[in-house]
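Q: Dumping the structure here so I can ask a few things about it.
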Amino acid sequence: MSASDKVWTAALVVIGDEILSGRTHDKNIAQVASWLQVQGIRLTEVRVVSDDMDAIVAAVNALRTSYDYLFTTGGIGPTHDDITVDAVAAALGVDVVVHPEARAILERYYADKPGGLTEARLRMARVPDGADLIPNRMSGAPGIKIGNVHLMAGVPYITAGMLDALTGTLEGGAPLLSETVGCWTAESEVADVLRQVEKAHEDCQIGSYPFFREGKVGANFVIRSTSREVLESAVDTLCEALGEEGFDFTPGGI
């Protein structure tokens with residue numbers, strides 16, 4: 001199997017009590033998933049865990065061995081409850097060290113800021129021994145990569161910058177392409193049509209996402225494939241089938 005034929009997979013661990021309590025609404029899952037899709041990697045599993053050492057270690061060890069890549073968001077800041085680095089180091093069985101390049105980056109970043117590089121801020125230079133850095137053009141403190149594990153910030157715009165720095169650096173397969181067809185009907189009414197179209201097109205998946213708008217029930221059908229030819233054929237077949245059944249559909253989604 002060639003690299004392009006292989007289905008490359010990833011998992012994401014979202015870390016933070018603030019996510020589980022509802023105080024903070026996570027935005028990283030969607031942007032990590034979208035970015036991975038462009039890299040030819042499929043986000044296959046997501047776990048949300050608290051700021052608890054044992055919980056993070058368990059999640060990291062379970063997922064890093066099950067998928068090609070593991071990403072974490074949150075818990076790499078300067079405060080006492082930012083324990084992701086320590087947890088990942090424990091999961092990998094290595095020590096935590098201050099990365100000299102990370103320290104130099106932080107020294108430059110805080111040189112003209114009140115307080116300078118404090119002990120708390122220096123915590124952001126700590127990495128599992130043997131790790132490399134993920135550049136962070138937004139706030140100085142770098143992300144971390146060790147083996148197939150990538151540690152990133154919890155703040156979405158900083159995470160976005162780290163993902164941008166990683167673009168093109170990971171091995172992946174063909175990007176997963178997608179098109180959407182919207183339809184003003186309950187998804188149960190077209191379940192058989194969706195099943196038949198998907199069955200007729202190898203390397204194609206169809207997801208159904210219902211909604212309620214303007215007093216009417218509808219659904220958007222998202223067709224996905226790594227093949228542009230298969231994708232276009234599936235979309236055409238679905239639209240033709242919906243039309244034959246008399247459904248009001250809209251290519252591009254509603």
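Residue numbers start at 1 in each chain; chains themselves are named A, B, ... in the order of the structure tokens; ligands are numbered from 1 in the order shown.
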Leaving out stretch 141-148 of chain A and any residue of its chain fewer than 3 positions from it, which residues lie within 9 Å of it when counting only C-alpha atoms, given as a ChimeraX atom specification?
A: /A:64,67-71,76-77,85,102-103,105-106,109,121,124-125,127-138,151-153,159,162
Q: Could you please write out, as a ChimeraX atom specification, every residue of stretch 35-251 of chain A that DSSP assigns to alpha helix (DSSP H)?
A: /A:35-38,53-64,84-92,100-110,119-122,156-166,191-200,228-244
Q: What is the distance, in Å and to one decimal place, between atom CA of A:Ala11 and atom CA of A:Val97?
A: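 About the pair atom CA of A:Ala11 and atom CA of A:Val97: they are 25.6 Å apart.
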Q: Identify, on the basis of only C-alpha atoms, every residue whose closest approach to stretch 203-207 of chain A does not exceed 9 Å; exclude the query and any residue fewer than 5 positions from it along the same chain; express the result as a compact mmCIF listing (two decimals) with N, CA and C atoms, in the first residue's frame.
A:
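Contents of selection_23.txt, freshly written:
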# COMPACT_ATOMS: atom_id res chain seq x y z
N LEU A 194 -30.04 7.60 0.52
CA LEU A 194 -28.66 7.83 0.93
C LEU A 194 -27.88 6.52 0.99
N ARG A 195 -28.51 5.50 1.53
CA ARG A 195 -27.85 4.20 1.65
C ARG A 195 -27.50 3.63 0.28
N VAL A 197 -27.09 5.28 -2.60
CA VAL A 197 -26.05 6.07 -3.27
C VAL A 197 -24.68 5.73 -2.69
N GLU A 198 -24.59 5.64 -1.38
CA GLU A 198 -23.32 5.33 -0.74
C GLU A 198 -22.85 3.93 -1.13
N ASN A 220 -28.96 18.54 5.69
CA ASN A 220 -27.85 18.68 4.75
C ASN A 220 -27.12 17.35 4.68
N PHE A 221 -26.89 16.89 3.45
CA PHE A 221 -26.19 15.64 3.23
C PHE A 221 -24.78 15.96 2.74
N VAL A 222 -23.78 15.57 3.51
CA VAL A 222 -22.38 15.84 3.18
C VAL A 222 -21.76 14.58 2.60
N ILE A 223 -21.36 14.68 1.34
CA ILE A 223 -20.75 13.56 0.64
C ILE A 223 -19.24 13.75 0.68
N ARG A 224 -18.51 12.70 1.10
CA ARG A 224 -17.06 12.80 1.24
C ARG A 224 -16.38 11.67 0.49
N SER A 225 -15.25 12.00 -0.14
CA SER A 225 -14.43 10.99 -0.82
C SER A 225 -13.05 11.58 -1.07
N THR A 226 -12.06 10.71 -1.19
CA THR A 226 -10.72 11.17 -1.56
C THR A 226 -10.59 11.30 -3.07
N SER A 227 -11.59 10.80 -3.81
CA SER A 227 -11.57 10.85 -5.28
C SER A 227 -12.55 11.91 -5.78
N VAL A 230 -15.22 10.17 -7.99
CA VAL A 230 -16.23 9.45 -7.21
C VAL A 230 -17.17 10.44 -6.52
N LEU A 231 -16.60 11.50 -6.00
CA LEU A 231 -17.41 12.51 -5.31
C LEU A 231 -18.44 13.12 -6.25
N ALA A 234 -21.19 10.66 -7.10
CA ALA A 234 -22.11 10.44 -5.98
C ALA A 234 -23.07 11.61 -5.82
Q: Which residue gives the smallest distance to A:Ala219 among A:Glu187, A:Gly243, A:Asp248, A:Lys199, with only C-alpha atoms counted?
A: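 Comparing A:Glu187, A:Gly243, A:Asp248, A:Lys199 against A:Ala219, the winner is A:Glu187.
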Q: Would you please work out which residue, of A:Pro114, A:Val38, A:Asp81, A:Val60, is nearest to A:Leu166 when using only C-alpha atoms?
A: A:Val38
Q: Looking only at the backbone, which of the residues in stretch 165-238 of chain A does DSSP tag as strand (DSSP E or B), as an MDAnalysis selection string?
A: chainID A and resid 177:183 205:213 216:225
Q: Between atom CA of A:Lys6 and atom CA of A:Thr167, what is the distance, to one decimal in Å?
A: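 Between atom CA of A:Lys6 and atom CA of A:Thr167 the gap is 19.1 Å.
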Q: Expressed in Å to a single decimal, how great is the separation between atom CA of A:Ala33 and atom CA of A:Val193?
A: 27.6 Å
Q: Ranking A:Gly172, A:Gly93, A:Pro78, A:Gly246 by minimum distance to A:Val57 and counting only C-alpha atoms, which one comes first?
A: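 Of A:Gly172, A:Gly93, A:Pro78, A:Gly246, the one nearest A:Val57, counting only C-alpha atoms, is A:Gly93.
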Q: Which is closer to A:Leu176 than all the others in A:Ala10, A:Asp95, A:Val49, A:Arg228, using only C-alpha atoms?
A: A:Arg228
Q: A:Gly154, A:Thr9, A:Ala58, A:Asp17: which is nearest A:Glu45, counting only C-alpha atoms?
A: A:Thr9
Q: Can you list, as a PyMOL selection string, every protein, DNA or RNA residue that comes within 9 Å of A:Ile83 when you count only C-alpha atoms, leaving out same-chain residues fewer than 5 positions away?
A: chain A and resi 51-53+56+75-77+88
Q: When you look at A:Ala55 with a cut-off of 12 Å (counting only C-alpha atoms), what residues show up, excluding the ones that are within fewer than 5 positions of it in the same chain? I need them as a PyMOL selection string.
A: chain A and resi 13-17+47-50+60-62+83-84+87-88+90-91
Q: Okay, now the selection with C-alpha atoms, as a compact mmCIF listing (two decimals), in the first residue's frame?
A:
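Once written, selection_39.txt looks like this:
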# COMPACT_ATOMS: atom_id res chain seq x y z
CA VAL A 13 -7.25 15.16 23.46
CA VAL A 14 -8.90 18.39 24.59
CA ILE A 15 -7.63 19.19 28.07
CA GLY A 16 -9.22 21.49 30.60
CA ASP A 17 -11.72 21.68 33.44
CA ARG A 47 -11.51 12.86 24.08
CA VAL A 48 -12.13 15.72 26.51
CA VAL A 49 -10.36 15.24 29.84
CA SER A 50 -9.97 17.26 33.02
CA VAL A 60 -2.35 9.89 25.76
CA ASN A 61 -1.22 6.29 26.13
CA ALA A 62 -4.46 4.90 24.74
CA ILE A 83 0.16 19.94 33.59
CA THR A 84 -0.01 18.61 30.03
CA ALA A 87 1.50 14.22 31.91
CA VAL A 88 2.81 13.53 28.39
CA ALA A 90 4.96 10.59 32.31
CA ALA A 91 3.06 8.75 29.56
Q: For A:Ile41, which of A:Lys27, A:Pro175, A:Arg126, A:Val149 is the closest residue, counting only C-alpha atoms?
A: A:Pro175
